[in-house]
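Chemist: My file is start_38.txt. It has compact mmCIF, C-alpha atoms:
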```txt
# COMPACT_ATOMS: atom_id res chain seq x y z
CA MET A 228 -227.43 -292.23 37.52
CA THR A 229 -226.79 -294.76 34.87
CA ILE A 230 -224.52 -297.63 33.98
CA TYR A 231 -222.79 -297.60 30.60
CA ASN A 232 -220.75 -300.76 30.28
CA LEU A 233 -218.89 -303.52 32.07
CA TYR A 234 -215.64 -305.33 31.35
CA ILE A 235 -214.43 -308.46 33.15
CA PHE A 236 -210.77 -309.40 32.75
CA ASP A 237 -208.87 -312.33 34.18
CA ARG A 238 -205.40 -311.98 35.62
CA HIS A 239 -203.68 -312.56 32.30
CA GLY A 240 -205.58 -309.78 30.58
CA THR A 241 -208.07 -311.92 28.64
CA MET A 242 -211.43 -310.22 28.40
CA LEU A 243 -213.88 -312.75 29.86
CA TYR A 244 -217.01 -310.74 29.35
CA TYR A 245 -218.25 -307.46 27.98
CA ALA A 246 -221.71 -305.97 28.29
CA GLU A 247 -223.16 -302.56 27.62
CA TRP A 248 -226.40 -300.89 28.56
CA ASN A 249 -226.64 -297.19 27.88
CA ARG A 250 -223.43 -296.58 26.04
CA VAL A 251 -223.83 -293.59 23.76
CA LYS A 252 -220.45 -293.44 22.02
CA GLN A 253 -218.39 -296.34 20.70
CA SER A 254 -214.64 -296.01 20.78
CA GLY A 255 -214.27 -296.40 17.01
CA ILE A 256 -212.05 -299.50 17.23
CA THR A 257 -212.94 -303.19 17.33
CA ARG A 258 -214.04 -304.70 20.63
CA ASP A 259 -210.89 -306.79 20.72
CA GLU A 260 -208.64 -303.77 20.35
CA GLU A 261 -210.72 -301.82 22.81
CA SER A 262 -210.34 -304.52 25.45
CA LYS A 263 -206.59 -304.53 25.00
CA LEU A 264 -206.46 -300.75 25.24
CA MET A 265 -208.59 -300.84 28.37
CA TYR A 266 -206.54 -303.56 30.02
CA GLY A 267 -203.31 -301.82 29.10
CA SER A 268 -204.41 -298.52 30.51
CA LEU A 269 -205.62 -300.18 33.74
CA TYR A 270 -202.28 -301.89 34.06
CA SER A 271 -200.50 -298.56 33.67
CA ILE A 272 -202.86 -296.83 36.08
CA LYS A 273 -202.17 -299.50 38.69
CA SER A 274 -198.44 -299.10 38.40
CA PHE A 275 -198.80 -295.30 38.31
CA VAL A 276 -200.90 -295.37 41.50
CA SER A 277 -198.52 -297.62 43.41
CA LYS A 278 -195.59 -295.37 42.50
CA ILE A 279 -197.15 -291.97 43.12
CA SER A 280 -198.83 -293.02 46.36
CA PRO A 281 -197.20 -291.42 49.42
CA LEU A 282 -198.17 -294.40 51.61
CA ASP A 283 -198.20 -298.15 51.01
CA THR A 284 -201.32 -299.09 49.10
CA ARG A 285 -203.63 -301.91 50.01
CA GLU A 286 -206.39 -301.95 47.41
CA GLY A 287 -204.71 -299.39 45.17
CA PHE A 288 -206.69 -297.81 42.35
CA LEU A 289 -210.41 -297.38 43.03
CA TYR A 290 -211.88 -295.12 40.35
CA TYR A 291 -211.28 -292.17 38.08
CA LYS A 292 -213.67 -289.51 36.91
CA THR A 293 -213.78 -287.28 33.87
CA ASP A 294 -216.42 -284.62 33.32
CA LYS A 295 -218.71 -287.14 31.56
CA TYR A 296 -218.22 -290.52 33.22
CA ALA A 297 -216.58 -292.43 36.05
CA LEU A 298 -214.66 -295.68 35.70
CA HIS A 299 -214.78 -297.91 38.76
CA TYR A 300 -212.34 -300.70 39.28
CA PHE A 301 -212.49 -303.76 41.51
CA GLU A 302 -209.87 -306.47 41.64
CA THR A 303 -210.30 -309.76 43.47
CA ALA A 304 -207.52 -311.58 45.28
CA SER A 305 -207.28 -313.98 42.35
CA GLY A 306 -206.60 -311.13 39.94
CA LEU A 307 -210.03 -310.95 38.28
CA LYS A 308 -210.73 -307.37 37.29
CA PHE A 309 -214.20 -305.89 37.16
CA VAL A 310 -214.45 -302.54 35.41
CA ILE A 311 -217.67 -300.60 35.17
CA ASN A 312 -218.40 -297.22 33.61
CA THR A 313 -221.12 -295.14 35.19
CA ASP A 314 -222.02 -291.48 35.15
CA CYS A 315 -220.24 -289.14 37.58
CA SER A 316 -223.00 -288.89 40.17
CA SER A 317 -223.26 -292.61 40.93
CA THR A 318 -222.34 -293.69 44.44
CA GLY A 319 -221.84 -297.09 46.01
CA VAL A 320 -220.48 -298.60 42.81
CA LYS A 321 -217.75 -300.41 44.71
CA ASP A 322 -220.37 -302.37 46.67
CA LEU A 323 -222.21 -303.09 43.45
CA LEU A 324 -219.06 -304.60 41.93
CA GLN A 325 -218.42 -306.70 45.02
CA GLN A 326 -222.01 -307.94 44.94
CA LEU A 327 -221.71 -308.64 41.25
CA TYR A 328 -218.66 -310.76 41.90
CA ALA A 329 -220.17 -312.66 44.83
CA LYS A 330 -223.74 -313.08 43.64
CA VAL A 331 -223.45 -313.32 39.87
CA PHE A 332 -219.92 -314.19 38.83
CA VAL A 333 -219.21 -316.82 41.48
CA GLU A 334 -222.70 -318.33 41.29
CA TYR A 335 -223.12 -318.56 37.54
CA THR A 336 -219.58 -318.68 36.18
CA VAL A 337 -217.22 -320.11 38.77
CA LYS A 338 -219.78 -322.78 39.70
CA ASN A 339 -220.50 -323.54 36.05
CA PRO A 340 -218.86 -326.90 35.28
CA ILE A 341 -218.61 -326.24 31.53
CA TRP A 342 -216.65 -323.01 31.90
CA THR A 343 -212.86 -323.27 31.72
CA PRO A 344 -211.09 -320.49 33.62
CA GLY A 345 -209.36 -318.08 31.29
CA THR A 346 -211.87 -318.39 28.45
CA PRO A 347 -214.61 -315.93 27.52
CA ILE A 348 -217.99 -316.52 29.16
CA ASN A 349 -220.73 -317.63 26.75
CA SER A 350 -223.32 -318.78 29.23
CA ALA A 351 -226.82 -317.47 28.51
CA LEU A 352 -227.76 -317.92 32.16
CA PHE A 353 -224.90 -315.68 33.29
CA LYS A 354 -225.90 -313.09 30.71
CA SER A 355 -229.51 -312.95 31.84
CA LYS A 356 -228.66 -312.96 35.56
CA LEU A 357 -226.11 -310.20 35.06
CA ASP A 358 -228.61 -308.15 33.09
CA GLU A 359 -231.20 -308.62 35.80
CA PHE A 360 -228.69 -307.75 38.53
CA ILE A 361 -227.59 -304.53 36.83
CA LYS A 362 -231.12 -303.45 35.92
CA GLN A 363 -232.47 -303.84 39.46
CA SER A 364 -229.62 -301.84 41.00
CA PRO A 365 -230.47 -298.27 42.02
CA ILE A 366 -227.48 -296.96 40.05
CA TYR A 367 -228.92 -298.22 36.76
CA GLY A 368 -232.34 -296.68 37.40
CA LEU A 369 -233.56 -293.17 37.06
CA LYS A 370 -232.33 -292.07 33.62
CA ASN A 371 -234.38 -294.79 31.90
CA VAL A 372 -237.63 -294.36 33.80
CA MET B 1130 -203.44 -282.72 53.79
CA ILE B 1131 -201.71 -282.04 50.47
CA TYR B 1132 -198.97 -284.49 49.52
CA GLY B 1133 -197.61 -282.92 46.36
CA VAL B 1134 -198.10 -280.63 43.38
CA TYR B 1135 -197.07 -281.40 39.81
CA ILE B 1136 -197.25 -279.26 36.68
CA VAL B 1137 -197.04 -280.92 33.28
CA SER B 1138 -196.52 -278.89 30.12
CA LYS B 1139 -198.71 -279.36 27.06
CA SER B 1140 -196.17 -281.66 25.45
CA GLY B 1141 -196.28 -283.98 28.45
CA GLY B 1142 -193.05 -283.12 30.23
CA LEU B 1143 -192.86 -282.40 33.92
CA ILE B 1144 -191.99 -278.72 34.39
CA PHE B 1145 -192.50 -278.38 38.12
CA HIS B 1146 -192.92 -280.58 41.16
CA HIS B 1147 -193.19 -279.86 44.83
CA ASP B 1148 -193.44 -282.28 47.74
CA HIS B 1149 -195.51 -280.71 50.43
CA SER B 1150 -196.02 -282.98 53.39
CA VAL B 1151 -195.02 -286.50 52.51
CA PRO B 1152 -195.09 -288.63 55.63
CA ARG B 1153 -191.92 -290.56 56.35
CA ILE B 1154 -192.63 -294.23 56.82
CA GLU B 1155 -190.10 -296.11 58.87
CA THR B 1156 -190.35 -299.48 60.57
CA GLU B 1157 -187.86 -300.89 62.96
CA LYS B 1158 -187.81 -304.53 63.97
CA THR B 1159 -185.51 -307.04 65.60
CA PHE B 1160 -184.96 -310.24 63.64
CA SER B 1161 -183.57 -313.61 64.67
CA PHE B 1162 -181.69 -316.00 62.39
CA PRO B 1163 -182.57 -316.88 59.67
CA LEU B 1164 -183.95 -313.65 58.26
CA ASP B 1165 -187.50 -314.21 57.04
CA LEU B 1166 -187.39 -311.45 54.44
CA LYS B 1167 -185.78 -311.83 51.06
CA LEU B 1168 -183.55 -308.85 50.36
CA ASP B 1169 -182.09 -307.67 47.11
CA PHE B 1170 -178.52 -306.43 47.43
CA SER B 1171 -177.96 -304.11 44.53
CA LYS B 1172 -175.11 -301.61 44.31
CA LYS B 1173 -177.11 -298.57 45.31
CA CYS B 1174 -179.47 -299.85 47.95
CA ILE B 1175 -180.79 -302.89 49.77
CA SER B 1176 -184.50 -303.46 49.27
CA VAL B 1177 -187.12 -306.02 50.23
CA ILE B 1178 -188.14 -308.19 47.28
CA PHE B 1179 -190.16 -310.91 48.97
CA GLY B 1180 -192.06 -311.32 52.20
CA GLN B 1181 -193.87 -308.66 54.13
CA ARG B 1182 -194.61 -308.37 57.84
CA ASP B 1183 -195.38 -305.78 60.50
CA GLY B 1184 -195.49 -302.77 58.22
CA ILE B 1185 -192.47 -303.79 56.15
CA TYR B 1186 -193.51 -304.12 52.53
CA VAL B 1187 -191.90 -305.20 49.29
CA GLY B 1188 -189.94 -302.25 47.91
CA HIS B 1189 -188.89 -300.81 51.25
CA HIS B 1190 -185.25 -299.94 51.63
CA LEU B 1191 -182.95 -301.00 54.44
CA ILE B 1192 -181.60 -297.84 56.03
CA ALA B 1193 -180.03 -298.95 59.30
CA VAL B 1194 -178.67 -302.05 61.04
CA ASN B 1195 -178.51 -301.92 64.84
CA GLY B 1196 -178.88 -298.14 64.65
CA ILE B 1197 -175.92 -297.72 62.27
CA SER B 1198 -176.99 -296.30 58.95
CA VAL B 1199 -176.45 -298.16 55.69
CA ASN B 1200 -174.81 -296.53 52.70
CA SER B 1201 -174.64 -298.29 49.33
CA GLY B 1202 -174.51 -301.83 50.72
CA ALA B 1203 -172.10 -301.16 53.56
CA LEU B 1204 -172.42 -299.98 57.14
CA GLU B 1205 -170.86 -296.71 58.20
CA ASP B 1206 -168.07 -298.57 59.97
CA GLY B 1207 -167.17 -300.36 56.75
CA ARG B 1208 -168.75 -303.77 57.32
CA ASN B 1209 -170.60 -305.33 54.41
CA VAL B 1210 -174.30 -305.72 55.19
CA LYS B 1211 -174.78 -308.82 53.07
CA GLU B 1212 -171.99 -310.73 54.80
CA MET B 1213 -173.20 -309.55 58.16
CA LEU B 1214 -176.77 -310.69 57.62
CA GLU B 1215 -175.63 -314.09 56.38
CA ASN B 1216 -173.63 -314.72 59.53
CA GLU B 1217 -175.63 -316.29 62.35
CA GLU B 1218 -173.37 -314.85 65.07
CA ASN B 1219 -174.64 -311.33 64.38
CA TYR B 1220 -178.23 -312.20 65.33
CA PRO B 1221 -180.51 -311.01 66.83
CA VAL B 1222 -180.22 -307.99 64.61
CA ASN B 1223 -182.23 -304.80 64.55
CA LEU B 1224 -183.15 -303.58 61.07
CA ARG B 1225 -184.79 -300.33 60.12
CA PHE B 1226 -186.67 -300.07 56.83
CA CYS B 1227 -188.26 -297.09 55.13
CA ARG B 1228 -190.50 -296.54 52.16
CA PRO B 1229 -188.28 -294.93 49.50
CA ARG B 1230 -189.06 -291.38 48.36
CA MET B 1231 -189.57 -290.83 44.69
CA THR B 1232 -186.52 -289.48 42.90
CA THR B 1233 -186.85 -286.61 40.43
CA ASN B 1234 -186.27 -289.05 37.58
CA GLU B 1235 -189.17 -291.20 38.73
CA LYS B 1236 -191.38 -288.13 38.95
CA ILE B 1237 -190.54 -287.14 35.39
CA PHE B 1238 -191.28 -290.70 34.32
CA LEU B 1239 -194.63 -290.74 36.13
CA ALA B 1240 -195.68 -287.37 34.78
CA SER B 1241 -195.11 -288.50 31.23
CA MET B 1242 -197.02 -291.70 32.02
CA PHE B 1243 -200.09 -289.73 33.09
CA TYR B 1244 -200.33 -288.03 29.73
CA PRO B 1245 -201.41 -291.10 27.68
CA LEU B 1246 -203.72 -292.28 30.48
CA PHE B 1247 -205.44 -288.92 30.30
CA ALA B 1248 -205.85 -289.26 26.53
CA ILE B 1249 -207.04 -292.89 26.63
CA ALA B 1250 -209.64 -292.04 29.28
CA SER B 1251 -211.33 -289.69 26.86
CA GLN B 1252 -211.02 -292.14 23.96
CA LEU B 1253 -212.64 -295.01 25.87
CA SER B 1254 -215.46 -292.81 27.08
CA PRO B 1255 -219.02 -294.16 26.70
CA GLU B 1256 -220.32 -290.60 26.30
CA PRO B 1257 -219.24 -288.26 23.50
CA LYS B 1258 -216.85 -285.36 24.08
CA SER B 1259 -215.48 -286.49 27.40
CA SER B 1260 -212.55 -284.73 28.99
CA GLY B 1261 -209.56 -286.63 30.36
CA ILE B 1262 -209.11 -287.80 33.95
CA GLU B 1263 -210.13 -285.12 36.44
CA ILE B 1264 -210.08 -287.11 39.66
CA LEU B 1265 -208.28 -290.37 40.30
CA GLU B 1266 -208.81 -292.01 43.65
CA ALA B 1267 -206.91 -294.82 45.33
CA ASP B 1268 -207.19 -296.01 48.92
CA THR B 1269 -204.31 -293.83 50.12
CA PHE B 1270 -204.65 -290.64 48.09
CA LYS B 1271 -206.73 -288.69 45.61
CA LEU B 1272 -205.20 -287.07 42.56
CA HIS B 1273 -206.93 -283.99 41.18
CA CYS B 1274 -206.05 -282.83 37.70
CA PHE B 1275 -206.93 -279.52 36.06
CA GLN B 1276 -206.14 -278.92 32.44
CA THR B 1277 -206.02 -275.34 31.22
CA LEU B 1278 -207.21 -274.26 27.78
CA THR B 1279 -203.60 -274.15 26.64
CA GLY B 1280 -203.03 -277.77 27.63
CA VAL B 1281 -200.97 -277.30 30.78
CA LYS B 1282 -201.95 -279.81 33.45
CA PHE B 1283 -201.91 -279.04 37.14
CA MET B 1284 -202.02 -282.04 39.43
CA VAL B 1285 -202.44 -282.11 43.16
CA VAL B 1286 -202.03 -285.31 45.16
CA ALA B 1287 -203.99 -285.01 48.40
CA GLU B 1288 -205.58 -287.08 51.12
CA PRO B 1289 -208.85 -288.70 49.98
CA ILE B 1290 -210.88 -286.66 52.48
CA GLN B 1291 -209.38 -283.29 51.50
CA THR B 1292 -212.01 -280.91 50.13
CA GLY B 1293 -211.74 -277.79 48.02
CA VAL B 1294 -208.83 -279.00 45.90
CA GLU B 1295 -210.51 -277.77 42.68
CA ILE B 1296 -210.33 -274.21 44.01
CA LEU B 1297 -206.73 -274.75 45.09
CA LEU B 1298 -205.88 -275.88 41.54
CA LYS B 1299 -207.32 -272.67 40.09
CA LYS B 1300 -205.29 -270.69 42.62
CA ILE B 1301 -202.12 -272.51 41.60
CA TYR B 1302 -202.95 -271.66 37.98
CA GLU B 1303 -203.21 -268.01 39.03
CA LEU B 1304 -199.80 -268.19 40.67
CA TYR B 1305 -198.41 -269.87 37.55
CA SER B 1306 -199.72 -267.13 35.30
CA ASP B 1307 -198.56 -264.38 37.67
CA TYR B 1308 -195.10 -265.59 38.57
CA ALA B 1309 -194.08 -267.91 35.75
CA LEU B 1310 -195.74 -266.62 32.60
CA LYS B 1311 -195.12 -262.96 33.47
CA ASN B 1312 -191.50 -263.67 34.25
CA PRO B 1313 -189.47 -262.43 31.25
CA PHE B 1314 -186.76 -265.02 31.90
CA TYR B 1315 -189.14 -267.97 31.79
CA SER B 1316 -189.54 -269.74 28.46
CA LEU B 1317 -192.56 -271.96 27.88
CA GLU B 1318 -192.23 -275.75 28.19
CA GLN B 1319 -189.03 -275.35 30.19
CA PRO B 1320 -188.64 -276.48 33.80
CA LEU B 1321 -190.08 -273.86 36.10
CA ARG B 1322 -187.45 -272.26 38.33
CA CYS B 1323 -188.87 -269.07 39.78
CA GLU B 1324 -188.26 -268.20 43.39
CA LEU B 1325 -191.37 -266.06 43.64
CA PHE B 1326 -193.51 -268.90 42.40
CA ASP B 1327 -191.97 -271.31 44.91
CA THR B 1328 -192.47 -269.05 47.91
CA ASN B 1329 -196.01 -268.09 46.96
CA LEU B 1330 -196.99 -271.68 46.32
CA GLN B 1331 -195.58 -272.69 49.68
CA GLN B 1332 -197.59 -269.93 51.37
CA LEU B 1333 -200.73 -270.91 49.51
CA LEU B 1334 -200.43 -274.58 50.48
CA ASP B 1335 -199.68 -273.74 54.10
CA SER B 1336 -202.67 -271.46 54.47
CA PHE B 1337 -204.85 -273.95 52.61
CA GLU B 1338 -203.93 -276.74 55.00
CA LYS B 1339 -204.43 -274.56 58.06
CA THR B 1340 -207.66 -272.83 57.26
CA GLY B 1341 -209.17 -274.63 54.29
CA ILE B 1342 -210.48 -272.90 51.19
CA THR B 1343 -212.03 -269.91 52.95
CA ASN B 1344 -208.92 -267.78 53.25
CA ILE B 1345 -207.27 -268.21 49.89
```
Show how you would write the structure in this file as structure tokens.
Modeler:
Amino acid sequence: MTIYNLYIFDRHGTMLYYAEWNRVKQSGITRDEESKLMYGSLYSIKSFVSKISPLDTREGFLYYKTDKYALHYFETASGLKFVINTDCSSTGVKDLLQQLYAKVFVEYTVKNPIWTPGTPINSALFKSKLDEFIKQSPIYGLKNV
Amino acid sequence: MIYGVYIVSKSGGLIFHHDHSVPRIETEKTFSFPLDLKLDFSKKCISVIFGQRDGIYVGHHLIAVNGISVNSGALEDGRNVKEMLENEENYPVNLRFCRPRMTTNEKIFLASMFYPLFAIASQLSPEPKSSGIEILEADTFKLHCFQTLTGVKFMVVAEPIQTGVEILLKKIYELYSDYALKNPFYSLEQPLRCELFDTNLQQLLDSFEKTGITNI
């Protein structure tokens, strides 16, 4: 159980925030390019899912797993996208993302008067609260103890 | 429940697809004037482009008006649907919508779309030497993917609660090697048209759905 990294995108595809904890391998491209690649692939996955689905989707794409990691996806009604990479055995990541949105993002970014929507988040308070939130979650735990 | 099986060759083309039990989604509703859905009248079909209610979603096709089926924008008795729906005298009107099935072209398109997603998933991995996507879950289905050593991908779209799909995938691989690869008339990378493969796959899926993984 571990958390590798987190991406937050707005509805236009701007990367608002990136953080990493136990990431072992970098992608070998700049962060900017990586965010575009990530957003692009999520966009394709979403359209892929809505087309291949035999029934009408409500939330759509939830997560995918490879043999090494799992990518969990959570989209709010306003189009904010939270993407988190964990290891394969983690459970309850969806709740974690919802909590992260409600307790950290809304509290320390949306309610921050200096932040303009659609721009990257630079707040030190958000950074520390996010770090604290991730590190106290049971999913982060174990591997680092 | 298994919704469908897809096989993608190592160069990314769809070589086989099979719809197993895709539920048919139809909604029938009586509307009064004016119609509160925005419809798109294209040459081939009439589809919803705005507004959703009571199980009718954007993208659904209009298939019948007052029980008379619709064919390429006109009713079976020759009346034009667009003119009919714009005329207040014809209301209340009963419309039946259905979720469109994927055409073979769309399937080929989707299969080739999965290929780069699979590759990007391993490139963006936070751990070294990751494979591509093995399981992809959405709220309505779960896609299981198995890539063989030779690069052929087997994909099964199933219900999210379906278990044992990994074993089913290996079994499908067995069928593929027995009835496609050993068929002297089959050339690699070409669309798979083998009767034996079709019938055996059908049998396998049927017994899998009835009894689970134990009997296959």
Chemist: Taking all atoms listed in the file into account, which of B:Val1285, B:Cys1227, B:Met1242, B:Leu1265 comes nearest Gly1188 (chain B)?
Modeler: B:Cys1227
Chemist: Go through B:Ser1138, B:Asn1216, B:Asn1223, B:Ser1306 and flag the residue nearest Pro1163 (chain B), using all atoms listed in the file for the distances.
Modeler: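 Once distances to Pro1163 (chain B) are computed over all atoms listed in the file, the minimum belongs to B:Asn1216.
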Chemist: Contacts of region 307-317 of chain A at 8 Å or less, counting all atoms listed in the file, minus same-chain residues fewer than 2 places along, as a ChimeraX atom specification?
Modeler: /A:228-238,292-305,319-320,324,366 /B:1255
Chemist: At a cut-off of 10 Å, which residues of chain B touch chain A? Count all atoms listed in the file and give the answer as JSON, numbers by chain.
Modeler: {"B": [1132, 1133, 1150, 1151, 1152, 1153, 1154, 1184, 1185, 1186, 1187, 1188, 1189, 1228, 1229, 1230, 1231, 1235, 1236, 1238, 1239, 1240, 1242, 1243, 1245, 1246, 1247, 1249, 1250, 1251, 1252, 1253, 1254, 1255, 1256, 1257, 1258, 1259, 1260, 1261, 1262, 1263, 1264, 1265, 1266, 1267, 1268, 1269, 1270, 1271, 1272, 1273, 1274, 1286, 1287, 1288]}
Chemist: How big is the axis-aligned box around all listed atoms of region 1171-1176 of chain B once 6 Å goes on each side, and where's its centre, in Å to one decimal, as lines of an AutoDock Vina configuration file?
Modeler:
```
center_x = -179.8
center_y = -301.3
center_z = 47.0
size_x = 21.4
size_y = 17.5
size_z = 17.5
```
Chemist: Give me, please, the distance in Å between CA of Leu1191 (chain B) and CA of Ser1176 (chain B), quoted to one decimal.
Modeler: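 About the pair CA of Leu1191 (chain B) and CA of Ser1176 (chain B): they are 5.9 Å apart.
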Chemist: Find the residues near Ala1203 (chain B): any atom within 12 Å, counting all atoms listed in the file, skip ones fewer than 6 places away on the same chain, and give them as a list in words.
Modeler: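 The filter keeps Phe1170, Ser1171, Lys1172, Lys1173, Cys1174, Ile1175, Leu1191, Ile1192, Ala1193, Val1194, Ile1197, Asn1209, Val1210, Lys1211, Glu1212, Met1213 and Leu1214 of chain B.
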Chemist: Selected residues, C-alpha atoms, written as a tab-separated table (two decimals), keeping the file's coordinate frame, please.
Modeler:
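Resulting contents of selection_11.tsv:
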```tsv
chain	number	residue	atom	x	y	z
B	1170	PHE	CA	-178.52	-306.43	47.43
B	1171	SER	CA	-177.96	-304.11	44.53
B	1172	LYS	CA	-175.11	-301.61	44.31
B	1173	LYS	CA	-177.11	-298.57	45.31
B	1174	CYS	CA	-179.47	-299.85	47.95
B	1175	ILE	CA	-180.79	-302.89	49.77
B	1191	LEU	CA	-182.95	-301.00	54.44
B	1192	ILE	CA	-181.60	-297.84	56.03
B	1193	ALA	CA	-180.03	-298.95	59.30
B	1194	VAL	CA	-178.67	-302.05	61.04
B	1197	ILE	CA	-175.92	-297.72	62.27
B	1209	ASN	CA	-170.60	-305.33	54.41
B	1210	VAL	CA	-174.30	-305.72	55.19
B	1211	LYS	CA	-174.78	-308.82	53.07
B	1212	GLU	CA	-171.99	-310.73	54.80
B	1213	MET	CA	-173.20	-309.55	58.16
B	1214	LEU	CA	-176.77	-310.69	57.62
```
Chemist: Kindly give the distance, in Å, that separates CA of Ser1241 (chain B) and CA of Glu1295 (chain B), rounded to a single decimal.
Modeler: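 Calculated distance between CA of Ser1241 (chain B) and CA of Glu1295 (chain B) is 22.0 Å.
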Chemist: Could you jot down the CA of Gly368 (chain A) to CA of Thr318 (chain A) separation for me, Å, one decimal place?
Modeler: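 Going from CA of Gly368 (chain A) over to CA of Thr318 (chain A) covers 12.6 Å.
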